[in-house]
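Accompanying notes for the structure given below.
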Amino acid sequence: MSIKGKAYIAGIYEHPTRHAPDKSTAQLHAEVAKGAIEDAGLTSADIDGYFCAGDAPGGAWPMVDYLGLKVRHIDSTETGGSSYIIHIGHAAEAIAAGKCSIALVTLAGKPRTSVMPPRAAGAEADFEAAYGATTHNAYGMCAMRHMHDYGTTSEQLAWIKVAASHHAQYNPHAMLKEVVTVEDVVNSPMISDPLHRMDCCVVTDGGGALIVTTPEIAKSLKKPLVRLIGHGEAMKGPRGGKDLDLTYSAGVWSGPRAFEEAGVTPKDIKYASIYDSFTITVLMQLEDLGFCKKGEGGKFVSDGNLISGVGKLPFNTDGGGLCSNHPVNRGGMTKIIEAVRQLRGEAHPKVQVPNCDLALVHGTGGLLGVRHAASTAVLERV
Amino acid sequence: MTEAKTQEKKYPAPQGNPETQAFWDAAKQGKFLIKRCTACGEAHYFPRSICPFCFSDKTVWEESAGEGEIYTFSLMRKSATGPYAIGYVKLKEGPAVQTNFVDCDLSALKIGQKVRVVFKPTDGAPLPFFTPVG
């Protein structure tokens, strides 16, 4: 039993806004849903499955009602920014099992212009909450140990931001369009050692949505065919504090599962969307997915190796979270959308990967240095 | 500069629950407890009633020496309560503990540095923190 080829991504939409003081969060969900449904050439009456995560106001049932949907399958798996990559795997499972045939996945929110709801507390709360783990310092702890164990440098991390900025200059909606240098990054203010301001992603209002459907329905529509051929998910945390190692992520487990199901290896991948909450996130995930050996990520990302048309592994050709968009502080959705654009041949001509027929999407949600969930998806153009 | 800020900081009181109350009661006596499983022999932190390694319910409280070394850290340069350093300590007994480093020059912290536990008051039970030794 496998989901290989059982589900296609037939609709995508990324909200052009990065600042939405004049809209509600639910409204942004509705706008991205409308965009993805229209991109697929469908109507809201066709939707029979709905997927959302913690950013959807009130969860799945108020959203289904608000959107006026009539669904027979719902899933509100919440794993932070990786939720939506997990959702496409779960949607494929539901479609393969006949539980729904046209699934809508939405993400939207306003971290710039409204108050973000607090993260739900787990069993660890009394033993951790007082120590002030934030995204910046939780990822900083990983970078600090990675540098200690493998000699990774701030200059190497900076190359990840430099590559993203080269791509963002062609994206009219990108929040930061200016091309930056390694010197710009390492000279930007230190936020939480060893991460500088330019090692951090942007904070944006906005959102995105997807339509996942059956092979038959996808083939009846007008868009280029993009299907899911491999999927993996995994979680990692301190787990009682035994053998703590913050230099690798749960990608070491989700990645091989996705590659095995797809029947491909990292060498086959033409384009990669890699969640870039911080530069260190990209570097660790590339290692964990097997694009290079553990500890060699710094060398791998240097000298423009992630720049489309320049390096061996074009990544985040929309500018990613580091430069373009990071709606609701959750990067998984926009990662899927840019991978589908690449596979359709709809990326900006300056960054479109020639004959892009195999792409990888990978992300983590939660805090890399505390506890997080990873998900990997392999997408193919048919 | 950073030292004064961390000492003035007000920390939230632990809520406590039946599973962890013994930890907070001991903290009031200045003792830092961990849990050990008598079935598999492994120690863990934060404390659970069921061992996260072998799922045995034969876990017992054990007083830690409260000594270890810094596994990693990150110095948050700005926050509403001033700079602070979060990190993990690997205890002599094995488990890693998330904490803040206090009562020291935060800019001089190093991976591998020896540290020991210190308790800081809250409106309830005191909370464990770590400070460099010597």
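Starting from 1 in every chain, residues are counted up; chains themselves are A, B, ... following the order of the structure tokens, and ligands are numbered from 1 as listed.
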> Running DSSP on the backbone, which parts of stretch 38-120 of chain B land in strand (DSSP E), as a PyMOL selection string?
Replying inline: chain B and resi 43-44+59-63+67-76+84-91+96-101+114-120
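Assigned to helix (DSSP H, G or I) in stretch 4-114 of chain B, given DSSP computed from backbone atoms, are B:Ala4, B:Lys5, B:Thr6, B:Gln7, B:Glu8, B:Gln21, B:Ala22, B:Phe23, B:Trp24, B:Asp25, B:Ala26, B:Ala27, B:Lys28, B:Leu106, B:Ser107, B:Ala108.
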If you keep C-alpha atoms, can you produce a file of those selected residues as a compact mmCIF listing (two decimals), in the first residue's frame?
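Writing done, so here's result_36.txt:
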```
# COMPACT_ATOMS: atom_id res chain seq x y z
CA ALA B 4 21.88 42.46 36.69
CA LYS B 5 19.03 41.96 34.24
CA THR B 6 18.81 38.20 34.72
CA GLN B 7 18.82 38.55 38.52
CA GLU B 8 15.93 41.02 38.49
CA GLN B 21 4.62 17.63 42.72
CA ALA B 22 7.53 15.79 44.41
CA PHE B 23 9.95 17.67 42.16
CA TRP B 24 8.63 21.07 43.28
CA ASP B 25 8.45 20.02 46.94
CA ALA B 26 12.14 19.02 46.75
CA ALA B 27 13.01 22.26 44.95
CA LYS B 28 11.70 24.14 48.01
CA LEU B 106 26.59 35.87 29.55
CA SER B 107 29.04 36.91 26.83
CA ALA B 108 31.65 34.47 28.21
```
> Do you know which residues are at most 8 Å from B:Gly124 counting only C-alpha atoms, after dropping those on the same chain fewer than 2 positions away, and could you put them as a list in words?
Replying inline: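 Residues near the query, excluding close chain neighbours: Ala13, Pro14, Pro121, Thr122 and Pro126 of chain B.
Between chain B and the candidates A:Thr134, A:Ser192, A:Ser165, A:Thr181, the tightest atom-to-atom separation, counting only C-alpha atoms, involves A:Ser192.
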> Any idea what's packed within 6 Å of stretch 110-112 of chain B, counting only C-alpha atoms, ignoring anything in its chain fewer than 2 positions away? Could you give it as number ranges by chain?
Replying inline: B: 69-72
How close does chain B get to chain A? List, as a Markdown table, each residue of chain B within 7 Å, its nearest atom pair and the distance in Å to one decimal, counting only C-alpha atoms.
```
| residue | atom | partner | partner_atom | distance |
| --- | --- | --- | --- | --- |
| B:Tyr11 | CA | A:Ala130 | CA | 6.1 |
| B:Pro12 | CA | A:Ala130 | CA | 6.2 |
| B:Pro14 | CA | A:Asp126 | CA | 5.1 |
| B:Gln15 | CA | A:Asp126 | CA | 6.5 |
| B:His44 | CA | A:Gly240 | CA | 4.6 |
| B:Tyr45 | CA | A:Gly240 | CA | 4.8 |
| B:Phe46 | CA | A:Gly240 | CA | 6.2 |
| B:Pro52 | CA | A:Gly240 | CA | 6.5 |
| B:Thr72 | CA | A:Arg145 | CA | 5.7 |
| B:Phe73 | CA | A:Met141 | CA | 5.0 |
| B:Ser74 | CA | A:Asp193 | CA | 5.1 |
| B:Leu75 | CA | A:Ser192 | CA | 5.2 |
| B:Met76 | CA | A:Ser192 | CA | 4.3 |
| B:Arg77 | CA | A:Ile191 | CA | 5.7 |
| B:Ile86 | CA | A:Tyr131 | CA | 6.3 |
| B:Gly87 | CA | A:Met141 | CA | 6.8 |
| B:Gly94 | CA | A:Lys242 | CA | 6.7 |
| B:Pro95 | CA | A:Gly241 | CA | 4.4 |
| B:Ala96 | CA | A:Gly241 | CA | 4.2 |
| B:Val97 | CA | A:Gly241 | CA | 6.4 |
| B:Gln98 | CA | A:Glu128 | CA | 6.5 |
| B:Thr99 | CA | A:Tyr131 | CA | 5.8 |
| B:Asn100 | CA | A:Tyr131 | CA | 5.6 |
```
Any chance you can output those residues with C-alpha atoms as an mmCIF file, in the first residue's frame?
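The resulting file, out-v4.cif, is shown below:
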```
data_model
loop_
_atom_site.group_PDB
_atom_site.id
_atom_site.type_symbol
_atom_site.label_atom_id
_atom_site.label_comp_id
_atom_site.auth_asym_id
_atom_site.auth_seq_id
_atom_site.Cartn_x
_atom_site.Cartn_y
_atom_site.Cartn_z
ATOM 1 C CA TYR B 11 9.831 34.020 36.707
ATOM 2 C CA PRO B 12 6.395 32.352 36.529
ATOM 3 C CA PRO B 14 5.231 26.328 38.321
ATOM 4 C CA GLN B 15 1.638 25.092 38.225
ATOM 5 C CA HIS B 44 15.349 11.062 32.370
ATOM 6 C CA TYR B 45 14.270 14.743 32.619
ATOM 7 C CA PHE B 46 11.704 16.352 32.825
ATOM 8 C CA PRO B 52 10.009 7.283 28.034
ATOM 9 C CA THR B 72 24.706 24.336 23.730
ATOM 10 C CA PHE B 73 23.287 27.804 24.317
ATOM 11 C CA SER B 74 22.101 30.927 22.542
ATOM 12 C CA LEU B 75 22.296 34.461 23.889
ATOM 13 C CA MET B 76 19.117 36.373 23.109
ATOM 14 C CA ARG B 77 20.458 39.915 22.758
ATOM 15 C CA ILE B 86 18.908 29.708 27.017
ATOM 16 C CA GLY B 87 20.666 26.381 26.666
ATOM 17 C CA GLY B 94 23.120 11.676 31.787
ATOM 18 C CA PRO B 95 19.928 13.551 30.932
ATOM 19 C CA ALA B 96 20.000 16.907 29.168
ATOM 20 C CA VAL B 97 18.083 19.754 30.836
ATOM 21 C CA GLN B 98 16.750 22.910 29.199
ATOM 22 C CA THR B 99 17.586 25.973 31.297
ATOM 23 C CA ASN B 100 18.853 29.539 31.418
#
```
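If you count only C-alpha atoms and ignore residues fewer than 3 places along the chain from A:Val351, what sits within 9 Å of it is His167, Tyr170, Ile307, Ser308, Gly309, Pro314, Thr317, Asp318, Gln342, Ala347 and His348 of chain A.
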Just write the chosen residues, N, CA and C atoms, as a compact mmCIF listing (two decimals), in the first residue's frame.
```txt
# COMPACT_ATOMS: atom_id res chain seq x y z
N HIS A 167 16.99 35.07 -5.81
CA HIS A 167 15.70 34.66 -6.38
C HIS A 167 14.62 35.71 -6.13
N TYR A 170 13.34 38.76 -8.43
CA TYR A 170 12.43 38.58 -9.57
C TYR A 170 10.98 38.38 -9.15
N ILE A 307 21.63 28.72 -5.92
CA ILE A 307 21.05 29.73 -6.83
C ILE A 307 20.67 29.08 -8.15
N SER A 308 19.42 29.31 -8.58
CA SER A 308 18.94 28.74 -9.84
C SER A 308 19.79 29.26 -11.01
N GLY A 309 20.23 28.33 -11.86
CA GLY A 309 21.05 28.70 -13.01
C GLY A 309 22.53 28.82 -12.69
N PRO A 314 18.98 24.23 -7.16
CA PRO A 314 18.17 25.44 -7.03
C PRO A 314 17.13 25.26 -5.93
N THR A 317 12.92 29.28 -5.15
CA THR A 317 13.11 30.24 -6.23
C THR A 317 12.13 31.41 -6.18
N ASP A 318 11.21 31.40 -5.22
CA ASP A 318 10.35 32.56 -5.00
C ASP A 318 10.99 33.56 -4.03
N GLN A 342 7.28 25.42 -10.17
CA GLN A 342 8.44 24.91 -10.92
C GLN A 342 8.06 23.74 -11.81
N ALA A 347 7.24 29.15 -12.83
CA ALA A 347 8.11 30.01 -12.02
C ALA A 347 8.58 31.18 -12.88
N HIS A 348 9.12 32.22 -12.25
CA HIS A 348 9.63 33.35 -13.03
C HIS A 348 10.70 32.85 -14.00
```
7 Å contact set for B:Phe119, only C-alpha atoms, chain neighbours under 6 positions out, as a JSON list (two decimals) with N, CA and C atoms, in the first residue's frame:
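Saved the output as out12.json:
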```
[["chain", "number", "residue", "atom", "x", "y", "z"],
["B", 30, "GLY", "N", 15.77, 22.97, 48.15],
["B", 30, "GLY", "CA", 17.03, 23.17, 47.47],
["B", 30, "GLY", "C", 17.57, 21.92, 46.79],
["B", 126, "PRO", "N", 10.51, 27.32, 43.80],
["B", 126, "PRO", "CA", 11.62, 27.92, 43.04],
["B", 126, "PRO", "C", 11.92, 27.10, 41.78],
["B", 127, "LEU", "N", 12.55, 27.77, 40.81],
["B", 127, "LEU", "CA", 12.86, 27.14, 39.52],
["B", 127, "LEU", "C", 14.36, 26.89, 39.41],
["B", 128, "PRO", "N", 14.75, 25.75, 38.82],
["B", 128, "PRO", "CA", 16.18, 25.46, 38.64],
["B", 128, "PRO", "C", 16.80, 26.22, 37.46],
["B", 129, "PHE", "N", 17.95, 26.80, 37.71],
["B", 129, "PHE", "CA", 18.77, 27.44, 36.67],
["B", 129, "PHE", "C", 20.19, 26.91, 36.83]]
```
> If we count only C-alpha atoms, what is near A:Lys23 at a cut-off of 10 Å, once residues fewer than 3 positions away on the same chain are taken out, given as number ranges by chain?
Replying inline: A: 19-20, 26-28, 109-110, 113, 205-206
>> Between A:Ser2, A:Val64, A:Thr25, A:Arg119, which residue has the minimum interatomic distance to A:Ala96, considering only C-alpha atoms?
In response: A:Ser2
> Nearest to A:Met175 among A:Gly255, A:Gly320, A:Gly345, A:Gly331, with distances taken over only C-alpha atoms: which residue is it?
Replying inline: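 Looking at the shortest contact to A:Met175, the residue is A:Gly320.
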> What gap, in Å, lies between atom CA of A:Tyr275 and atom CA of A:Leu368?
Replying inline: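 Computed distance, atom CA of A:Tyr275 to atom CA of A:Leu368, equals 11.6 Å.
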